[in-house]
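**Q** Pasting query-v5.txt here (compact mmCIF, C-alpha atoms and all ligand atoms):
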```
# COMPACT_ATOMS: atom_id res chain seq x y z
CA PRO A 26 58.59 -2.91 -22.07
CA SER A 27 56.36 0.04 -21.28
CA TRP A 28 56.66 -0.31 -17.52
CA ALA A 29 60.38 0.33 -17.77
CA VAL A 30 59.79 3.61 -19.57
CA LYS A 31 57.18 4.59 -17.04
CA ARG A 32 59.46 3.93 -14.14
CA VAL A 33 62.22 5.99 -15.68
CA THR A 34 60.00 9.02 -16.13
CA GLU A 35 58.82 8.64 -12.54
CA ARG A 36 62.35 8.51 -11.31
CA GLU A 37 63.52 11.16 -8.87
CA GLN A 38 65.97 13.94 -9.79
CA TRP A 39 68.02 16.52 -7.93
CA GLY A 40 66.11 19.72 -7.31
CA SER A 41 69.02 21.86 -8.47
CA ARG A 42 72.49 21.74 -9.88
CA ILE A 43 74.00 22.96 -6.63
CA GLY A 44 72.10 20.17 -4.89
CA PHE A 45 73.87 17.55 -6.99
CA ILE A 46 77.25 19.18 -6.36
CA MET A 47 76.62 19.33 -2.60
CA ALA A 48 75.53 15.69 -2.49
CA ALA A 49 78.60 14.57 -4.44
CA VAL A 50 80.92 16.72 -2.33
CA GLY A 51 79.20 15.33 0.75
CA SER A 52 79.94 11.81 -0.43
CA ALA A 53 83.55 12.63 -1.21
CA VAL A 54 84.27 14.59 1.96
CA GLY A 55 84.23 12.20 4.85
CA LEU A 56 86.28 10.12 7.22
CA GLY A 57 88.67 9.69 4.32
CA ASN A 58 89.63 13.36 4.49
CA ILE A 59 89.70 13.86 8.23
CA TRP A 60 90.72 10.49 9.62
CA ARG A 61 92.40 8.61 6.79
CA PHE A 62 94.22 11.32 4.82
CA PRO A 63 96.33 12.78 7.67
CA TYR A 64 97.09 9.25 8.82
CA GLU A 65 98.17 8.12 5.33
CA ALA A 66 100.23 11.29 4.98
CA ALA A 67 101.88 10.62 8.33
CA THR A 68 102.87 7.07 7.43
CA ASN A 69 104.05 8.05 3.94
CA GLY A 70 106.42 10.92 4.61
CA GLY A 71 104.10 13.86 5.28
CA ALA A 72 104.42 16.51 2.59
CA ALA A 73 105.92 14.03 0.13
CA PHE A 74 102.63 12.16 0.23
CA LEU A 75 100.72 15.40 -0.10
CA LEU A 76 102.55 16.14 -3.34
CA ALA A 77 102.04 12.62 -4.71
CA ASN A 78 98.38 12.86 -3.75
CA PHE A 79 97.95 16.20 -5.50
CA VAL A 80 99.40 14.79 -8.70
CA ALA A 81 97.21 11.68 -8.44
CA VAL A 82 94.08 13.80 -7.89
CA LEU A 83 94.73 15.76 -11.08
CA LEU A 84 95.93 12.90 -13.25
CA ILE A 85 93.56 10.16 -12.07
CA GLY A 86 90.81 11.62 -9.91
CA LEU A 87 89.36 14.20 -12.25
CA PRO A 88 89.28 12.11 -15.46
CA ALA A 89 87.93 9.15 -13.49
CA ILE A 90 85.10 11.06 -11.83
CA LEU A 91 84.03 12.28 -15.27
CA ALA A 92 84.04 8.69 -16.51
CA GLU A 93 81.67 7.66 -13.71
CA PHE A 94 79.43 10.67 -14.35
CA THR A 95 79.02 9.77 -18.03
CA ILE A 96 77.94 6.22 -17.17
CA GLY A 97 75.36 7.37 -14.65
CA ARG A 98 73.78 10.24 -16.48
CA ARG A 99 73.57 8.38 -19.75
CA ALA A 100 71.72 5.49 -18.15
CA GLN A 101 69.48 7.44 -15.72
CA ARG A 102 69.48 4.23 -13.72
CA ASN A 103 71.12 2.63 -10.68
CA VAL A 104 74.64 1.28 -11.03
CA VAL A 105 73.62 -2.31 -11.85
CA ASP A 106 71.34 -1.34 -14.72
CA ALA A 107 73.72 1.41 -15.85
CA PHE A 108 76.46 -1.15 -16.45
CA GLY A 109 73.76 -3.46 -17.80
CA ARG A 110 73.49 -1.21 -20.84
CA GLY A 111 76.69 -2.87 -22.01
CA GLY A 112 75.05 -6.31 -21.97
CA ARG A 113 74.00 -8.82 -19.37
CA ALA A 114 77.51 -9.78 -18.30
CA TRP A 115 78.29 -6.16 -17.47
CA LYS A 116 75.58 -6.24 -14.82
CA ALA A 117 78.06 -8.16 -12.71
CA ALA A 118 80.34 -5.11 -12.70
CA GLY A 119 77.48 -2.99 -11.42
CA ALA A 120 76.58 -5.59 -8.83
CA LEU A 121 80.17 -5.62 -7.64
CA ALA A 122 80.04 -1.85 -7.17
CA ALA A 123 76.81 -2.09 -5.19
CA VAL A 124 78.28 -4.85 -3.01
CA THR A 125 81.38 -2.73 -2.45
CA ALA A 126 79.26 0.18 -1.23
CA PHE A 127 77.31 -2.13 1.08
CA TRP A 128 80.55 -3.61 2.39
CA ILE A 129 82.07 -0.18 3.06
CA VAL A 130 79.02 1.23 4.83
CA SER A 131 79.06 -1.73 7.22
CA TYR A 132 82.41 -0.82 8.81
CA TYR A 133 82.30 2.89 7.97
CA SER A 134 79.33 3.03 10.35
CA VAL A 135 81.46 1.57 13.10
CA VAL A 136 83.84 4.53 12.81
CA GLY A 137 80.79 6.78 12.57
CA GLY A 138 79.68 5.23 15.87
CA TRP A 139 83.00 6.06 17.54
CA VAL A 140 82.61 9.65 16.38
CA LEU A 141 79.05 9.83 17.69
CA ARG A 142 80.20 8.53 21.05
CA TYR A 143 83.09 11.02 21.25
CA LEU A 144 80.73 13.84 20.37
CA ILE A 145 78.43 12.85 23.22
CA GLU A 146 81.38 12.56 25.59
CA SER A 147 83.01 15.87 24.64
CA PRO A 148 81.05 18.24 26.91
CA THR A 149 82.24 16.38 29.99
CA GLY A 150 85.67 15.49 28.65
CA ALA A 151 85.05 11.80 29.38
CA TYR A 152 88.00 10.79 27.18
CA PHE A 153 90.52 13.02 28.99
CA GLY A 154 92.96 11.35 31.31
CA GLU A 155 93.51 7.90 29.85
CA PRO A 156 92.88 8.59 26.15
CA ALA A 157 94.43 5.41 24.74
CA ALA A 158 92.66 3.05 27.13
CA HIS A 159 89.44 4.96 26.62
CA PHE A 160 89.63 4.66 22.86
CA GLU A 161 90.21 0.93 23.11
CA SER A 162 87.10 0.49 25.22
CA VAL A 163 85.07 2.58 22.75
CA ALA A 164 86.42 1.11 19.52
CA VAL A 165 85.89 -2.59 20.14
CA GLY A 166 82.98 -4.35 21.77
CA LEU A 167 79.24 -4.36 22.19
CA ASP A 168 79.09 -0.59 22.71
CA ALA A 169 80.81 -0.08 19.38
CA ALA A 170 78.10 -2.14 17.71
CA LEU A 171 75.34 -0.17 19.44
CA TYR A 172 76.77 3.20 18.42
CA ALA A 173 77.22 1.91 14.87
CA ALA A 174 73.52 1.02 14.91
CA ALA A 175 72.64 4.55 16.01
CA PHE A 176 74.78 6.01 13.24
CA LEU A 177 73.12 3.72 10.68
CA LEU A 178 69.70 4.69 11.93
CA ILE A 179 70.37 8.35 11.09
CA THR A 180 71.76 7.27 7.71
CA VAL A 181 68.66 5.22 6.92
CA GLY A 182 66.42 8.09 7.99
CA ILE A 183 67.98 10.48 5.49
CA VAL A 184 68.07 7.99 2.59
CA ALA A 185 64.44 7.04 3.28
CA MET A 186 63.42 10.68 2.74
CA GLY A 187 64.50 10.47 -0.89
CA ILE A 188 66.82 12.26 -3.28
CA GLU A 189 65.60 15.84 -3.14
CA ARG A 190 64.02 15.98 0.32
CA GLY A 191 66.50 13.64 1.98
CA ILE A 192 70.01 13.50 0.55
CA GLU A 193 69.97 16.88 -1.20
CA LEU A 194 68.49 18.82 1.69
CA ALA A 195 70.79 17.20 4.25
CA THR A 196 73.99 17.75 2.27
CA LYS A 197 73.06 21.34 1.38
CA ILE A 198 73.22 22.09 5.10
CA MET A 199 76.06 19.74 6.02
CA VAL A 200 78.66 20.62 3.40
CA PRO A 201 78.81 24.39 4.00
CA ALA A 202 78.84 23.69 7.75
CA ILE A 203 81.79 21.34 7.35
CA VAL A 204 83.84 23.88 5.40
CA VAL A 205 83.10 26.80 7.73
CA LEU A 206 83.66 24.88 10.97
CA MET A 207 86.86 23.28 9.71
CA GLY A 208 88.14 26.69 8.64
CA GLY A 209 87.48 27.90 12.19
CA LEU A 210 89.26 24.91 13.71
CA ALA A 211 92.30 25.43 11.45
CA VAL A 212 92.55 29.09 12.50
CA PHE A 213 92.32 28.06 16.12
CA ALA A 214 95.00 25.38 15.68
CA ALA A 215 97.31 28.03 14.22
CA THR A 216 97.32 29.88 17.53
CA LEU A 217 98.77 26.90 19.43
CA PRO A 218 102.41 27.06 20.47
CA GLY A 219 104.50 24.62 18.46
CA SER A 220 102.08 24.45 15.55
CA GLY A 221 104.78 25.69 13.16
CA ALA A 222 106.52 22.31 13.18
CA GLY A 223 103.21 20.76 12.13
CA TYR A 224 102.98 22.98 9.06
CA GLU A 225 106.53 22.24 8.13
CA TYR A 226 105.94 18.51 8.36
CA PHE A 227 102.75 18.71 6.34
CA LEU A 228 103.69 21.32 3.76
CA ALA A 229 107.42 21.09 3.02
CA PRO A 230 108.07 17.96 0.92
CA ASP A 231 111.23 15.96 1.43
CA PHE A 232 112.18 15.26 -2.19
CA GLY A 233 114.72 12.68 -1.10
CA TYR A 234 111.98 10.67 0.58
CA LEU A 235 109.82 11.11 -2.51
CA ALA A 236 112.49 9.71 -4.83
CA ASP A 237 113.34 6.80 -2.54
CA ASN A 238 109.78 5.66 -1.93
CA LEU A 239 108.05 6.11 -5.26
CA VAL A 240 107.07 2.45 -5.46
CA THR A 241 105.06 2.57 -2.24
CA LEU A 242 103.94 6.18 -2.63
CA ILE A 243 102.24 5.70 -5.99
CA PRO A 244 99.77 2.96 -5.03
CA ALA A 245 99.16 4.61 -1.66
CA ALA A 246 98.43 7.93 -3.35
CA VAL A 247 96.22 6.40 -6.06
CA GLY A 248 94.35 4.27 -3.51
CA GLU A 249 93.75 7.32 -1.34
CA VAL A 250 92.40 9.23 -4.35
CA LEU A 251 89.88 6.48 -5.10
CA PHE A 252 88.75 6.30 -1.48
CA THR A 253 88.57 10.04 -0.94
CA LEU A 254 86.67 10.75 -4.16
CA SER A 255 84.34 7.77 -3.60
CA LEU A 256 85.46 6.26 -6.91
CA GLY A 257 84.94 2.64 -7.86
CA SER A 258 81.86 2.01 -5.74
CA GLY A 259 79.22 3.38 -8.08
CA ILE A 260 78.39 6.49 -6.06
CA MET A 261 79.26 9.01 -8.71
CA ILE A 262 77.43 6.80 -11.23
CA THR A 263 74.31 6.67 -9.06
CA TYR A 264 74.33 10.37 -8.15
CA ALA A 265 74.87 11.41 -11.80
CA SER A 266 71.87 9.29 -12.78
CA TYR A 267 69.66 11.84 -11.01
CA VAL A 268 71.15 14.71 -13.06
CA GLU A 269 69.30 16.31 -15.94
CA ASP A 270 70.65 16.16 -19.43
CA ALA A 271 71.48 19.80 -19.87
CA GLU A 272 74.09 20.16 -17.17
CA SER A 273 77.84 20.49 -17.70
CA LEU A 274 79.36 17.54 -15.92
CA VAL A 275 82.89 18.82 -16.48
CA ALA A 276 82.44 21.92 -14.33
CA ASP A 277 80.64 19.92 -11.65
CA GLY A 278 83.38 17.30 -11.55
CA GLY A 279 86.04 19.98 -11.25
CA ALA A 280 84.22 21.70 -8.39
CA ILE A 281 83.79 18.44 -6.50
CA VAL A 282 87.45 17.48 -6.85
CA VAL A 283 88.67 20.93 -5.77
CA VAL A 284 86.46 21.15 -2.67
CA ASN A 285 87.26 17.59 -1.58
CA THR A 286 91.00 18.25 -1.93
CA LEU A 287 90.81 21.50 0.00
CA VAL A 288 88.93 19.83 2.85
CA GLY A 289 91.63 17.14 3.03
CA TYR A 290 94.28 19.86 3.31
CA LEU A 291 92.22 21.73 5.89
CA ALA A 292 92.10 18.53 7.94
CA GLY A 293 95.89 18.34 7.78
CA LEU A 294 96.10 21.97 8.90
CA ILE A 295 94.05 21.04 11.95
CA VAL A 296 95.50 17.64 12.80
CA PHE A 297 99.26 18.24 12.41
CA PRO A 298 99.55 21.45 14.42
CA LEU A 299 97.53 19.77 17.18
CA LEU A 300 99.85 16.75 17.19
CA PHE A 301 103.05 18.79 17.09
CA ALA A 302 101.79 21.20 19.73
CA GLN A 303 101.81 18.21 22.07
CA GLY A 304 105.08 16.81 20.81
CA VAL A 305 103.45 13.71 19.29
CA GLU A 306 105.15 12.20 16.24
CA PRO A 307 102.45 11.83 13.53
CA GLY A 308 103.81 8.46 12.43
CA GLU A 309 103.41 7.13 15.96
CA ALA A 310 99.93 8.54 16.44
CA GLY A 311 98.61 5.96 13.95
CA ALA A 312 95.05 5.31 12.85
CA GLY A 313 93.62 6.24 16.22
CA ALA A 314 95.19 9.71 16.07
CA ILE A 315 91.99 11.70 16.01
CA PHE A 316 90.59 9.72 18.93
CA VAL A 317 93.69 9.49 21.10
CA SER A 318 96.38 12.15 20.67
CA ILE A 319 93.96 14.76 19.42
CA ALA A 320 91.31 13.97 21.99
CA ASN A 321 93.98 14.33 24.62
CA ALA A 322 95.10 17.66 23.22
CA PHE A 323 91.72 19.18 23.97
CA GLN A 324 92.37 18.68 27.65
CA SER A 325 95.07 21.34 27.76
CA LEU A 326 93.31 23.78 25.44
CA PRO A 327 91.32 26.73 26.65
CA ALA A 328 87.66 25.68 26.26
CA GLY A 329 88.86 22.24 25.16
CA GLU A 330 85.43 20.71 25.71
CA LEU A 331 83.90 23.14 23.24
CA PHE A 332 86.69 22.49 20.75
CA GLY A 333 85.96 18.78 21.11
CA VAL A 334 82.26 19.26 20.49
CA VAL A 335 82.90 21.21 17.27
CA PHE A 336 85.63 18.82 16.11
CA TYR A 337 83.57 15.64 16.50
CA PHE A 338 80.43 17.31 15.22
CA VAL A 339 82.20 18.19 11.96
CA ILE A 340 83.49 14.66 11.61
CA LEU A 341 80.05 13.24 12.33
CA ILE A 342 78.29 15.21 9.60
CA ALA A 343 81.13 14.54 7.16
CA ALA A 344 80.78 10.82 7.88
CA LEU A 345 76.99 10.94 7.56
CA SER A 346 77.05 12.71 4.21
CA SER A 347 79.26 9.85 2.97
CA SER A 348 77.36 6.99 4.56
CA ILE A 349 74.09 8.15 2.99
CA SER A 350 75.76 7.99 -0.42
CA LEU A 351 76.98 4.47 0.29
CA LEU A 352 73.55 3.27 1.36
CA GLU A 353 71.90 5.01 -1.60
CA ILE A 354 73.73 2.84 -4.12
CA PRO A 355 72.06 -0.50 -3.34
CA THR A 356 68.88 1.39 -2.37
CA ALA A 357 68.65 2.88 -5.87
CA TYR A 358 68.92 -0.59 -7.38
CA PHE A 359 65.99 -1.97 -5.42
CA VAL A 360 63.87 1.16 -5.79
CA ASP A 361 64.43 1.14 -9.57
CA ASN A 362 63.63 -2.54 -10.00
CA PHE A 363 61.11 -3.61 -7.42
CA ASP A 364 57.81 -2.36 -6.24
CA ALA A 365 59.14 -1.56 -2.80
CA GLY A 366 59.04 1.80 -1.08
CA ARG A 367 62.28 3.66 -0.47
CA PRO A 368 61.92 3.63 3.36
CA VAL A 369 61.43 -0.14 3.42
CA VAL A 370 64.39 -0.74 1.13
CA ALA A 371 66.68 1.63 3.04
CA GLY A 372 65.62 0.11 6.36
CA ALA A 373 66.25 -3.44 5.21
CA LEU A 374 69.64 -2.57 3.73
CA GLY A 375 70.60 -0.62 6.84
CA THR A 376 69.77 -3.64 8.98
CA GLY A 377 71.82 -5.87 6.69
CA ALA A 378 74.77 -3.48 6.79
CA PHE A 379 74.59 -3.44 10.57
CA LEU A 380 74.74 -7.24 10.75
CA LEU A 381 77.64 -7.39 8.30
CA GLY A 382 79.48 -4.77 10.35
CA VAL A 383 79.05 -6.39 13.77
CA PRO A 384 82.22 -8.51 13.44
CA THR A 385 84.23 -5.36 12.66
CA ALA A 386 82.89 -3.75 15.83
CA LEU A 387 83.92 -6.76 17.91
CA ASP A 388 87.36 -7.40 16.50
CA GLN A 389 90.07 -4.95 15.47
CA ALA A 390 91.75 -7.28 12.96
CA THR A 391 88.45 -7.91 11.18
CA PHE A 392 87.90 -4.16 11.02
CA GLU A 393 91.30 -3.61 9.44
CA PHE A 394 90.68 -6.40 6.95
CA PHE A 395 87.37 -4.83 5.87
CA ASP A 396 89.00 -1.42 5.38
CA SER A 397 92.07 -2.50 3.46
CA PHE A 398 90.21 -5.03 1.33
CA ALA A 399 87.73 -2.34 0.32
CA SER A 400 90.21 0.39 -0.51
CA GLU A 401 92.98 -1.75 -1.96
CA VAL A 402 91.05 -4.42 -3.85
CA MET A 403 87.35 -3.63 -4.28
CA LEU A 404 87.55 0.05 -5.20
CA PRO A 405 90.43 -0.34 -7.70
CA THR A 406 88.58 -3.28 -9.28
CA GLY A 407 85.45 -1.16 -9.58
CA LEU A 408 87.26 1.74 -11.19
CA PHE A 409 89.17 -0.61 -13.47
CA LEU A 410 85.85 -1.86 -14.83
CA VAL A 411 84.67 1.74 -15.23
CA THR A 412 87.66 2.58 -17.43
CA VAL A 413 87.02 -0.44 -19.65
CA PHE A 414 83.30 0.29 -19.86
CA VAL A 415 83.70 3.96 -20.73
CA GLY A 416 86.71 3.38 -22.92
CA TRP A 417 85.44 0.52 -25.03
CA VAL A 418 81.73 -0.10 -24.47
CA TYR A 419 80.58 3.51 -24.63
CA GLY A 420 83.66 4.68 -26.46
CA ARG A 421 82.99 7.81 -28.50
CA GLU A 422 79.41 7.86 -27.25
CA ALA A 423 80.74 8.72 -23.79
CA MET A 424 81.92 12.06 -25.15
CA ASP A 425 78.31 13.08 -25.81
CA GLU A 426 77.80 13.26 -22.08
CA LEU A 427 80.59 15.80 -21.74
CA GLY A 428 78.83 18.25 -24.03
CA GLU A 429 76.80 18.47 -27.17
CA GLY A 430 78.57 17.91 -30.44
CA VAL A 431 82.03 17.72 -28.89
CA ARG A 432 82.97 14.40 -30.46
CA GLU A 433 85.33 16.00 -32.94
CA GLN A 434 86.93 18.34 -30.45
CA PHE A 435 90.39 17.76 -29.13
CA LEU A 436 89.85 17.76 -25.35
CA PRO A 437 87.02 15.21 -25.18
CA ARG A 438 88.90 12.90 -27.55
CA ALA A 439 92.07 13.32 -25.55
CA TRP A 440 90.08 12.54 -22.39
CA LEU A 441 88.69 9.32 -23.86
CA TRP A 442 92.12 8.08 -24.92
CA TYR A 443 93.52 9.17 -21.60
CA VAL A 444 90.91 7.07 -19.77
CA ARG A 445 91.55 4.14 -22.11
CA ILE A 446 95.29 4.17 -21.55
CA VAL A 447 96.58 6.24 -18.63
CA VAL A 448 93.79 5.82 -16.07
CA PHE A 449 93.40 2.18 -17.09
CA LEU A 450 97.10 1.46 -16.59
CA ALA A 451 97.40 3.44 -13.36
CA VAL A 452 94.46 1.60 -11.82
CA ALA A 453 95.63 -1.77 -13.12
CA MET A 454 99.08 -1.16 -11.66
CA THR A 455 97.66 -0.14 -8.31
CA LEU A 456 95.47 -3.20 -8.29
CA VAL A 457 98.38 -5.52 -9.04
CA LEU A 458 100.57 -3.92 -6.35
CA SER A 459 97.71 -4.03 -3.83
CA VAL A 460 96.77 -7.61 -4.54
CA THR A 461 100.35 -8.80 -4.24
CA SER A 462 100.86 -6.92 -0.99
CA PHE A 463 97.51 -8.24 0.20
CA ALA A 464 98.38 -11.83 -0.62
CA GLY A 465 101.88 -11.44 0.81
N1 LIG A 501 84.89 9.43 0.11
C1 LIG A 501 84.54 9.07 1.44
C2 LIG A 501 85.50 9.68 2.42
O1 LIG A 501 86.43 10.34 2.05
C3 LIG A 501 84.52 7.60 1.69
C4 LIG A 501 83.87 6.79 0.66
C5 LIG A 501 84.57 5.87 -0.06
C6 LIG A 501 82.54 6.99 0.41
C7 LIG A 501 84.00 5.15 -1.05
C8 LIG A 501 81.97 6.25 -0.56
C9 LIG A 501 82.68 5.33 -1.29
O2 LIG A 501 85.35 9.48 3.60
NA NA A 502 87.02 12.20 0.76
```
Take the structure from the file and write it as structure tokens.
Ligand code: PHE
Ligand code: NA

**A**
Amino acid sequence: PSWAVKRVTEREQWGSRIGFIMAAVGSAVGLGNIWRFPYEAATNGGAAFLLANFVAVLLIGLPAILAEFTIGRRAQRNVVDAFGRGGRAWKAAGALAAVTAFWIVSYYSVVGGWVLRYLIESPTGAYFGEPAAHFESVAVGLDAALYAAAFLLITVGIVAMGIERGIELATKIMVPAIVVLMGGLAVFAATLPGSGAGYEYFLAPDFGYLADNLVTLIPAAVGEVLFTLSLGSGIMITYASYVEDAESLVADGGAIVVVNTLVGYLAGLIVFPLLFAQGVEPGEAGAGAIFVSIANAFQSLPAGELFGVVFYFVILIAALSSSISLLEIPTAYFVDNFDAGRPVVAGALGTGAFLLGVPTALDQATFEFFDSFASEVMLPTGLFLVTVFVGWVYGREAMDELGEGVREQFLPRAWLWYVRIVVFLAVAMTLVLSVTSFAG
């Protein structure tokens, strides 16, 4: 119908290629890099996990991000309608992705709220003294819900401004700031006494551990790659749908993967020296590490309050640049399909996400359920469907999105078969292992 054509031509686009890259990097770089990655590394053997993660990024992350890009740019539509190009039943796959994003943003905002609160408390060092008890009082309860609401309000504000003037503008400022400030923090951490043990733990792999724990390391590493690169939730599909036809998606995908990986490593270079400088075992620090052991470390640092402000500020903007991408996914669906303004849609979805997230702010076990169900079940399911869609619904057509007239070339063909077989099997395996461990 003609209205559909009209709406597509009216659809927003990124203002520039670098804008798209910044937005995608902003989505990828987030709590996953700074909070989750060091924690996962600590519970999976430190450098051994780093190595497994590096291999998984190259072998799964890069081909998979390209697969999502091809779906999005080809369709120039939100994730539901992009999958819908494969037939009505495929819309369900897109809907699942949009629901996944909505689900994640609900509890991701709770962590964003903790970060916001710690940022506000840093100048006075309110969390010094009794860091563990303080974190408990911040993490769970009515306050946690209120700070999550504040975090969501900022998220909604940016998404409401639109693609070019909202998301692109915000991430163009945020992403360079994240990289520069984290670089500064890593240099500072290097000057701490005892930091050397942190580097050794993080950077020198124990090959014995690697060999003995391959069965748990592989799904953990693959799951971390999906989470950290925002794969399986339709973000890279949605963001690529605002990209013009002429751009090389391969170079963009490579740049996004490289920057995201480097920021994860930078986070490790900040977190581990800080932990070791205080004699804290990373494995024991657990998921609350950046709010407890690290927060406590600032107390004994020269200008620790300032360090705290910079540290939580970086985490806050990294979290925001991811939460806007999460909210944008369902927002794009409603903006594409209904005659509703972007601010109204974003506001309504933000309110819904808040309500869904309230139970995770009030109960730690619910929070953990939301997080592990998302990363271990929903995201792998989403990416599994992506591999089938690109591999068999688009098939050779998908190669057209990688470049003009490349269908007969070796690399694009190899990529397609690689997605059909290797990525497919790796994700399927991860999903099976996750589901069994989930059920068990
Ligand atoms: N990639 C983000 C991070 O590392 C989290 C995220 C996951 C965002 C899935 C969107 C979708 O924090
Ligand atoms: Na990430």

**Q** Between A:Tyr337, A:Trp417, A:Tyr132, A:Tyr290, which residue has the minimum interatomic distance to Phe392 of chain A, considering all atoms listed in the file?

**A**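 Among the listed residues, A:Tyr132 lies closest to Phe392 of chain A.
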
**Q** What separation in Å, quoted to one decimal, exists between atom CA of Val212 of chain A and atom CA of Pro63 of chain A?

**A**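 Pair atom CA of Val212 of chain A / atom CA of Pro63 of chain A returns 17.4 Å.
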
**Q** Which residues of chain A come within 10 Å of ligand LIG 501 (chain A), and for each one, what is the closest pair of atoms and their distance in Å to one decimal, counting all atoms listed in the file, sorted by chain and residue number, as a tab-separated table?

**A**
```
residue	atom	partner	partner_atom	distance
A:Ala49	CA	A:LIG501	N1	9.3
A:Val50	CA	A:LIG501	N1	8.7
A:Gly51	CA	A:LIG501	N1	8.2
A:Ser52	CA	A:LIG501	N1	5.5
A:Ala53	CA	A:LIG501	N1	3.7
A:Val54	CA	A:LIG501	O1	4.8
A:Gly55	CA	A:LIG501	O2	3.2
A:Leu56	CA	A:LIG501	O2	3.8
A:Gly57	CA	A:LIG501	O1	3.3
A:Asn58	CA	A:LIG501	O1	5.0
A:Ile59	CA	A:LIG501	O2	7.7
A:Trp60	CA	A:LIG501	O2	8.1
A:Arg61	CA	A:LIG501	O2	7.8
A:Phe62	CA	A:LIG501	O1	8.3
A:Ala122	CA	A:LIG501	C9	9.6
A:Thr125	CA	A:LIG501	C9	8.2
A:Ala126	CA	A:LIG501	C9	6.2
A:Phe127	CA	A:LIG501	C9	9.5
A:Trp128	CA	A:LIG501	C9	9.9
A:Ile129	CA	A:LIG501	C7	7.0
A:Val130	CA	A:LIG501	C8	7.9
A:Tyr133	CA	A:LIG501	C3	8.2
A:Glu249	CA	A:LIG501	O1	8.6
A:Val250	CA	A:LIG501	N1	8.7
A:Leu251	CA	A:LIG501	C7	7.3
A:Phe252	CA	A:LIG501	C5	4.4
A:Thr253	CA	A:LIG501	O1	3.7
A:Leu254	CA	A:LIG501	N1	4.8
A:Ser255	CA	A:LIG501	C7	3.7
A:Leu256	CA	A:LIG501	C7	6.1
A:Gly257	CA	A:LIG501	C7	7.3
A:Ser258	CA	A:LIG501	C9	5.6
A:Gly259	CA	A:LIG501	C9	7.9
A:Ile260	CA	A:LIG501	C9	6.5
A:Met261	CA	A:LIG501	C9	9.0
A:Asn285	CA	A:LIG501	O1	8.2
A:Thr286	CA	A:LIG501	O1	10.0
A:Val288	CA	A:LIG501	O1	9.8
A:Gly289	CA	A:LIG501	O1	8.6
A:Ile340	CA	A:LIG501	O2	9.7
A:Ala343	CA	A:LIG501	O2	7.5
A:Ala344	CA	A:LIG501	O2	6.4
A:Leu345	CA	A:LIG501	O2	9.4
A:Ser346	CA	A:LIG501	C1	8.8
A:Ser347	CA	A:LIG501	C6	5.0
A:Ser348	CA	A:LIG501	C6	6.6
A:Ile349	CA	A:LIG501	C8	8.8
A:Ser350	CA	A:LIG501	C8	6.5
A:Leu351	CA	A:LIG501	C8	5.4
A:Leu352	CA	A:LIG501	C8	9.1
A:Ile354	CA	A:LIG501	C8	9.6
A:Ala399	CA	A:LIG501	C7	8.5
A:Ser400	CA	A:LIG501	C7	7.8
A:Met403	CA	A:LIG501	C7	9.9
A:Leu404	CA	A:LIG501	C7	7.5
```

**Q** Quick one: axis-aligned box around all listed atoms of segment 449-464 of chain A, 8 Å on every side, centre and edge lengths in Å to one decimal, written as lines of an AutoDock Vina configuration file.

**A**
```
center_x = 97.1
center_y = -4.2
center_z = -8.4
size_x = 23.5
size_y = 31.3
size_z = 33.3
```

**Q** Looking at only C-alpha atoms, which of A:His159, A:Arg142, A:Arg438, A:Arg190 is the one that sits closest to Ala174 of chain A?

**A**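 Checking each of A:His159, A:Arg142, A:Arg438, A:Arg190 against Ala174 of chain A, counting only C-alpha atoms, the winner is A:Arg142.
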
**Q** Between A:Leu206, A:Ala185, A:Leu331, A:Val284, which has the minimum distance to ligand NA 502 (chain A) (counting all atoms listed in the file)?

**A** A:Val284

**Q** Please list, as a ChimeraX atom specification, the residues that have an atom at most 12 Å away from (85.1, -6.9, 11.6) in the coordinates of this file, counting all atoms listed in the file.

**A** /A:128-129,131-136,164-166,169-170,378-398

**Q** Interatomic distance between atom CA of Lys116 of chain A and atom CA of Gly430 of chain A?

**A**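 We find that atom CA of Lys116 of chain A and atom CA of Gly430 of chain A lie 28.9 Å from each other.
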
**Q** Met207 of chain A: which residues within 9 Å, counting all atoms listed in the file, same-chain residues fewer than 4 positions away excluded, as an NGL selection string?

**A** :A and (202-203 or 211-212 or 288 or 291-292 or 295 or 335-336 or 339)

**Q** For a quick check of understanding, using all atoms listed in the file, which of A:Asn238, A:Val418, A:Val80, A:Val282 has the smallest distance to ligand NA 502 (chain A)?

**A** A:Val282

**Q** So which residues touch Leu76 of chain A within 12 Å, counting all atoms listed in the file, skipping near sequence neighbours fewer than 4 positions away, as a PyMOL selection string?

**A** chain A and resi 66+69-72+80-83+227-232+234-236+239+242-243+246-247+286+290

**Q** So how many Å separate atom CA of Glu269 of chain A and atom CA of Val124 of chain A, to one decimal?

**A**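 Computed distance, atom CA of Glu269 of chain A to atom CA of Val124 of chain A, equals 26.4 Å.
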
**Q** Mind listing as a VMD selection string all residues within 12 Å of (83.1, 15.0, 26.0), counting all atoms listed in the file?

**A** chain A and resid 140 to 154 156 159 316 320 to 321 323 to 324 328 to 338

**Q** Using only C-alpha atoms, which residues sit within 8 Å of segment 181-183 of chain A once same-chain residues fewer than 2 positions away are excluded, as a list in words?

**A**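 Close residues of segment 181-183 of chain A: Leu177, Leu178, Ile179, Ala185, Met186, Gly187, Gly191, Ile192, Ala195, Ile349, Leu352, Pro368, Ala371, Gly372 and Gly375 of chain A.
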
**Q** With distances taken over only C-alpha atoms, which residue among A:Gly137, A:Ser462, A:Gly416, A:Leu436 lies nearest Tyr172 of chain A?

**A** A:Gly137
